Amino acid sequence: MLACEVGLAGPMCSRLLGDLGADVIKLERPGHGDVTRGWDTAANGIASGFVWMNRGKRSVALDLRDPAVLPAVEALIRDSDVFLVNFSPGWADSMGLDETSVRGLREDIVYTEISGYGSDGPYADKNAYDLVVQGETGLIALTGTPEEPTRISLPIVDIGAGSNAAIATLAALVRKTATGEGASVSVSMFDSMIDWLGYYPHFWWHRGEAPTRWGLRHPLFVPYGPKKGSDNRYFNLAVLSAEHWRLFCSDVIERPDLLDDARYITLESRAEHRDVLEPELDRVFLTRSTATWVEALEAAGIPCGLVREFPEVMEHPQLLQGGMISRVDSPVGEIPVIGSPILVGGDRADPGAVPGLGEHTRAVLTELGVPEDVLEAVL
């Protein structure tokens with residue numbers, strides 16, 4: 001797989017494919033590399049975002065504006081099952097890496113493109129970044145408190161678009177094994193987040209209701225969200241069905257009288273009367289410790305858990321036991337990384353080393369049989 005990628009969306013796609021066995025060749029600009037290399041120095045001098053998205057790849061540094069690199073780039077394309085690009089609009093065309101040109105070198109290639117807004121429409125030529133698309137797709141308007149919106153703290157747009165692109169690329173490769181034909185895969189950040197708006201469009205289409213910001217609450221479910229026990233520690237619970245509500249009232253808080261209250265019979269009626277129900281439940285929760293409530297909720301089969309601070313998450317027993325943290329080589333020595341979330345046949349992929357800029361240029365091009373005179377010209 002040849003990845004002409006920058007930032008997070010494209011690298012997320014290729015990292016997922018690499019975790020599943022792809023040999024990912026990351027094409028970078030000499031002297032600069034992926035923009036994420038310069039974001040910070042948190043990982044013992046290496047940028048945290050680069051480590052996150054690029055462990056396990058091989059870095060080849062070539063200046064695509066230099067005609068001398070053309071034989072090397074062509075050799076890379078001919079050897080690749082997948083070509084991934086996610087630069088700004090028009091970049092691939094300007095570099096001679098548009099789909100027609102790439103397919104002219106390898107007809108059966110899967111050409112995967114991640115864009116901000118797709119290839120047509122009034123926004124097709126606009127640059128897109130995670131924050132911008134969060135705003136354009138309503139995610140910011142939906143997130144936060146009634147008083148103030150906020151962005152989602154993780155780059156959810158990049159993660160979502162990159163994940164969709166990986167799924168679509170795998171589907172195209174499966175199709176290729178059956179037909180022998182390549183495919184064009186196109187994923188936009190905008191479309192990916194519109195798809196994730198979930199049930200909200202249906203409230204708008206069928207009821208004319210625009211969603212509001214609920215903070216830590218949920219528009220449909222009550223009780224739901226973080227609650228505080230008598231020890232001032234927060235826990236989460238989610239009462240999602242009529243059976244959950246029955247067990248919650250009878251077995252957890254021991255208030256069967258609430259089951260007979262007409263205001264709380266259905267999910268929608270409980271949400272309608274949340275301003276009365278939630279304060280009453282909050283008073284009940286303050287009568288016992290968080291651990292006691294979690295134990296009771298678990299016994300009743302109601303989804304629940306602690307609300308952990310970040311240092312606690314890094315020491316989470318499931319994280320430590322599950323093998324998600326690995327130590328890998330990097331240009332600054334061995335460092336910890338979060339590994340693949342995917343297990344195949346019960347095994348988790350080795351996340352692989354973090355590459356230095358251009359670390360694998362000579363080795364990869366030599367594998368492809370690029371002549372020595374070309375190597376000397378481009379290195």
# chains A, B, ... in the order shown; residues from 1 in each chain; ligands from 1
>>> select_by_dssp(residues="region 124-330 of chain A", states="helix (DSSP H, G or I)", output="mmCIF file with C-alpha atoms, in the first residue's frame")
data_model
loop_
_atom_site.group_PDB
_atom_site.id
_atom_site.type_symbol
_atom_site.label_atom_id
_atom_site.label_comp_id
_atom_site.auth_asym_id
_atom_site.auth_seq_id
_atom_site.Cartn_x
_atom_site.Cartn_y
_atom_site.Cartn_z
ATOM 1 C CA ASP A 130 -11.504 18.328 11.869
ATOM 2 C CA LEU A 131 -12.666 21.428 13.760
ATOM 3 C CA VAL A 132 -14.152 23.009 10.638
ATOM 4 C CA VAL A 133 -16.139 19.902 9.707
ATOM 5 C CA GLN A 134 -17.326 19.488 13.301
ATOM 6 C CA GLY A 135 -18.872 22.918 12.875
ATOM 7 C CA GLU A 136 -20.225 22.423 9.357
ATOM 8 C CA LEU A 139 -21.430 18.322 15.833
ATOM 9 C CA ILE A 140 -20.378 21.439 17.727
ATOM 10 C CA ALA A 141 -23.979 22.677 17.870
ATOM 11 C CA LEU A 142 -24.986 19.329 19.399
ATOM 12 C CA ILE A 156 -13.559 12.468 15.636
ATOM 13 C CA VAL A 157 -13.972 13.643 12.027
ATOM 14 C CA ASP A 158 -10.518 12.379 11.048
ATOM 15 C CA ILE A 159 -11.016 9.135 12.940
ATOM 16 C CA GLY A 160 -14.425 8.527 11.386
ATOM 17 C CA ALA A 161 -13.422 9.337 7.813
ATOM 18 C CA GLY A 162 -10.208 7.320 8.096
ATOM 19 C CA SER A 163 -12.060 4.336 9.510
ATOM 20 C CA ASN A 164 -14.694 4.502 6.765
ATOM 21 C CA ALA A 165 -11.947 4.653 4.147
ATOM 22 C CA ALA A 166 -10.259 1.571 5.616
ATOM 23 C CA ILE A 167 -13.536 -0.358 5.561
ATOM 24 C CA ALA A 168 -14.276 0.682 1.975
ATOM 25 C CA THR A 169 -10.740 -0.155 0.857
ATOM 26 C CA LEU A 170 -11.005 -3.636 2.333
ATOM 27 C CA ALA A 171 -14.334 -4.125 0.559
ATOM 28 C CA ALA A 172 -12.718 -3.052 -2.714
ATOM 29 C CA LEU A 173 -9.860 -5.511 -2.186
ATOM 30 C CA VAL A 174 -12.329 -8.341 -1.531
ATOM 31 C CA ARG A 175 -14.166 -7.409 -4.730
ATOM 32 C CA LYS A 176 -10.851 -7.376 -6.593
ATOM 33 C CA THR A 177 -10.109 -10.974 -5.557
ATOM 34 C CA ALA A 178 -13.393 -12.004 -7.174
ATOM 35 C CA THR A 179 -13.285 -9.861 -10.319
ATOM 36 C CA MET A 189 -15.111 13.883 6.115
ATOM 37 C CA PHE A 190 -18.394 15.766 5.708
ATOM 38 C CA ASP A 191 -20.417 12.724 4.617
ATOM 39 C CA SER A 192 -18.875 10.589 7.367
ATOM 40 C CA MET A 193 -20.109 12.939 10.067
ATOM 41 C CA ILE A 194 -23.524 13.503 8.492
ATOM 42 C CA ASP A 195 -23.929 9.719 8.651
ATOM 43 C CA TYR A 200 -31.464 13.479 15.019
ATOM 44 C CA PRO A 201 -32.404 13.895 11.314
ATOM 45 C CA HIS A 202 -35.540 11.820 11.924
ATOM 46 C CA PHE A 203 -36.717 14.144 14.671
ATOM 47 C CA TRP A 204 -36.231 17.017 12.229
ATOM 48 C CA TRP A 205 -37.877 15.330 9.231
ATOM 49 C CA HIS A 206 -40.867 13.878 11.069
ATOM 50 C CA ARG A 207 -41.435 16.293 13.955
ATOM 51 C CA ALA A 242 -38.891 -0.718 30.178
ATOM 52 C CA GLU A 243 -37.265 -3.756 31.792
ATOM 53 C CA HIS A 244 -34.276 -1.692 32.882
ATOM 54 C CA TRP A 245 -36.644 0.839 34.452
ATOM 55 C CA ARG A 246 -38.517 -1.884 36.318
ATOM 56 C CA LEU A 247 -35.315 -3.435 37.688
ATOM 57 C CA PHE A 248 -33.868 -0.029 38.506
ATOM 58 C CA CYS A 249 -36.885 1.000 40.573
ATOM 59 C CA SER A 250 -37.545 -2.332 42.290
ATOM 60 C CA ASP A 251 -34.063 -3.801 42.793
ATOM 61 C CA VAL A 252 -31.566 -0.932 42.672
ATOM 62 C CA PRO A 256 -41.373 0.515 43.378
ATOM 63 C CA ASP A 257 -43.773 3.449 43.822
ATOM 64 C CA LEU A 258 -42.148 5.141 40.813
ATOM 65 C CA LEU A 259 -43.373 2.284 38.603
ATOM 66 C CA ASP A 260 -46.955 3.336 39.269
ATOM 67 C CA ALA A 262 -48.034 7.818 35.173
ATOM 68 C CA ARG A 263 -45.366 10.429 34.426
ATOM 69 C CA TYR A 264 -42.678 7.746 34.218
ATOM 70 C CA LEU A 267 -39.163 6.322 27.873
ATOM 71 C CA GLU A 268 -40.701 9.397 26.285
ATOM 72 C CA SER A 269 -42.770 10.302 29.334
ATOM 73 C CA ARG A 270 -39.741 10.009 31.609
ATOM 74 C CA ALA A 271 -37.804 12.314 29.294
ATOM 75 C CA GLU A 272 -40.732 14.725 29.244
ATOM 76 C CA ARG A 274 -36.992 14.748 33.600
ATOM 77 C CA ASP A 275 -36.977 18.069 35.489
ATOM 78 C CA VAL A 276 -38.981 16.388 38.257
ATOM 79 C CA LEU A 277 -37.548 12.865 38.091
ATOM 80 C CA GLU A 278 -33.827 13.623 37.895
ATOM 81 C CA PRO A 279 -33.582 15.759 41.055
ATOM 82 C CA GLU A 280 -35.468 13.087 42.998
ATOM 83 C CA LEU A 281 -33.109 10.374 41.775
ATOM 84 C CA ASP A 282 -30.070 12.535 42.511
ATOM 85 C CA ARG A 283 -31.184 12.759 46.143
ATOM 86 C CA VAL A 284 -31.492 8.981 46.275
ATOM 87 C CA PHE A 285 -27.997 8.481 44.820
ATOM 88 C CA THR A 290 -20.643 4.972 44.359
ATOM 89 C CA ALA A 291 -19.282 1.444 44.812
ATOM 90 C CA THR A 292 -22.579 0.364 46.357
ATOM 91 C CA TRP A 293 -24.578 1.753 43.453
ATOM 92 C CA VAL A 294 -22.321 0.179 40.833
ATOM 93 C CA GLU A 295 -22.617 -3.185 42.562
ATOM 94 C CA ALA A 296 -26.411 -2.941 42.666
ATOM 95 C CA LEU A 297 -26.658 -1.813 39.045
ATOM 96 C CA GLU A 298 -24.397 -4.617 37.861
ATOM 97 C CA ALA A 299 -26.456 -7.165 39.793
ATOM 98 C CA ALA A 300 -29.578 -5.877 38.016
ATOM 99 C CA PHE A 310 -7.340 10.098 32.876
ATOM 100 C CA PRO A 311 -4.555 8.779 35.157
ATOM 101 C CA GLU A 312 -6.980 6.090 36.325
ATOM 102 C CA VAL A 313 -7.719 5.147 32.715
ATOM 103 C CA MET A 314 -4.017 4.579 32.058
ATOM 104 C CA PRO A 317 -7.225 -3.170 34.959
ATOM 105 C CA GLN A 318 -8.786 -4.058 31.617
ATOM 106 C CA LEU A 319 -6.196 -1.988 29.762
ATOM 107 C CA LEU A 320 -3.295 -3.534 31.650
ATOM 108 C CA GLN A 321 -4.619 -7.065 31.241
ATOM 109 C CA GLY A 322 -5.843 -6.756 27.653
#
>>> residues_around(residues="region 69-73 of chain A", least_positions_apart="6", cutoff="9 Å", atoms="only C-alpha atoms", output="PDB file with N, CA and C atoms, in the first residue's frame")
ATOM      1  N   LEU A  62      10.522  11.383  -0.698  1.00  0.00           N
ATOM      2  CA  LEU A  62      10.793  11.759  -2.084  1.00  0.00           C
ATOM      3  C   LEU A  62      10.166  13.121  -2.362  1.00  0.00           C
ATOM      4  N   ASP A  63      10.890  13.972  -3.055  1.00  0.00           N
ATOM      5  CA  ASP A  63      10.368  15.275  -3.452  1.00  0.00           C
ATOM      6  C   ASP A  63       9.623  15.111  -4.772  1.00  0.00           C
ATOM      7  N   LEU A 365      13.114   1.190  -2.113  1.00  0.00           N
ATOM      8  CA  LEU A 365      13.363   1.349  -3.538  1.00  0.00           C
ATOM      9  C   LEU A 365      14.294   0.269  -4.066  1.00  0.00           C
ATOM     10  N   LEU A 368      12.382  -2.783  -4.845  1.00  0.00           N
ATOM     11  CA  LEU A 368      11.601  -2.659  -6.080  1.00  0.00           C
ATOM     12  C   LEU A 368      12.478  -2.682  -7.321  1.00  0.00           C
ATOM     13  N   VAL A 370      14.768  -0.423  -8.191  1.00  0.00           N
ATOM     14  CA  VAL A 370      15.075   0.898  -8.742  1.00  0.00           C
ATOM     15  C   VAL A 370      16.588   0.984  -8.981  1.00  0.00           C
ATOM     16  N   PRO A 371      17.028   1.381 -10.162  1.00  0.00           N
ATOM     17  CA  PRO A 371      18.465   1.418 -10.482  1.00  0.00           C
ATOM     18  C   PRO A 371      19.258   2.331  -9.548  1.00  0.00           C
ATOM     19  N   VAL A 374      19.261   6.073 -10.246  1.00  0.00           N
ATOM     20  CA  VAL A 374      18.063   6.770  -9.803  1.00  0.00           C
ATOM     21  C   VAL A 374      18.132   6.988  -8.296  1.00  0.00           C
ATOM     22  N   LEU A 375      18.585   5.969  -7.566  1.00  0.00           N
ATOM     23  CA  LEU A 375      18.704   6.123  -6.119  1.00  0.00           C
ATOM     24  C   LEU A 375      19.625   7.278  -5.779  1.00  0.00           C
ATOM     25  N   ALA A 377      20.210   9.861  -7.468  1.00  0.00           N
ATOM     26  CA  ALA A 377      19.597  11.139  -7.842  1.00  0.00           C
ATOM     27  C   ALA A 377      18.548  11.609  -6.857  1.00  0.00           C
ATOM     28  N   VAL A 378      17.889  10.659  -6.182  1.00  0.00           N
ATOM     29  CA  VAL A 378      16.760  11.049  -5.326  1.00  0.00           C
ATOM     30  C   VAL A 378      17.102  11.039  -3.848  1.00  0.00           C
TER      31      VAL A 378
END
>>> atom_distance(atom1="CA of Val85 (chain A)", atom2="CA of Gly104 (chain A)")
16.4 Å
>>> select_by_dssp(residues="region 131-375 of chain A", states="strand (DSSP E)", output="PyMOL selection string")
chain A and resi 183-188+224-228+234-238+304-306+325-328+335-338+343-344+347-348
>>> closest_residue(among="A:Val102, A:Leu237, A:Val328, A:Leu76", to="Val222 (chain A)", atoms="only C-alpha atoms")
A:Leu237
>>> atom_distance(atom1="CA of Thr150 (chain A)", atom2="CA of Phe235 (chain A)")
22.6 Å
>>> residues_around(residues="Gly323 (chain A)", least_positions_apart="4", cutoff="12 Å", atoms="only C-alpha atoms", output="ChimeraX atom specification")
/A:316-319,327,336-343,346-351
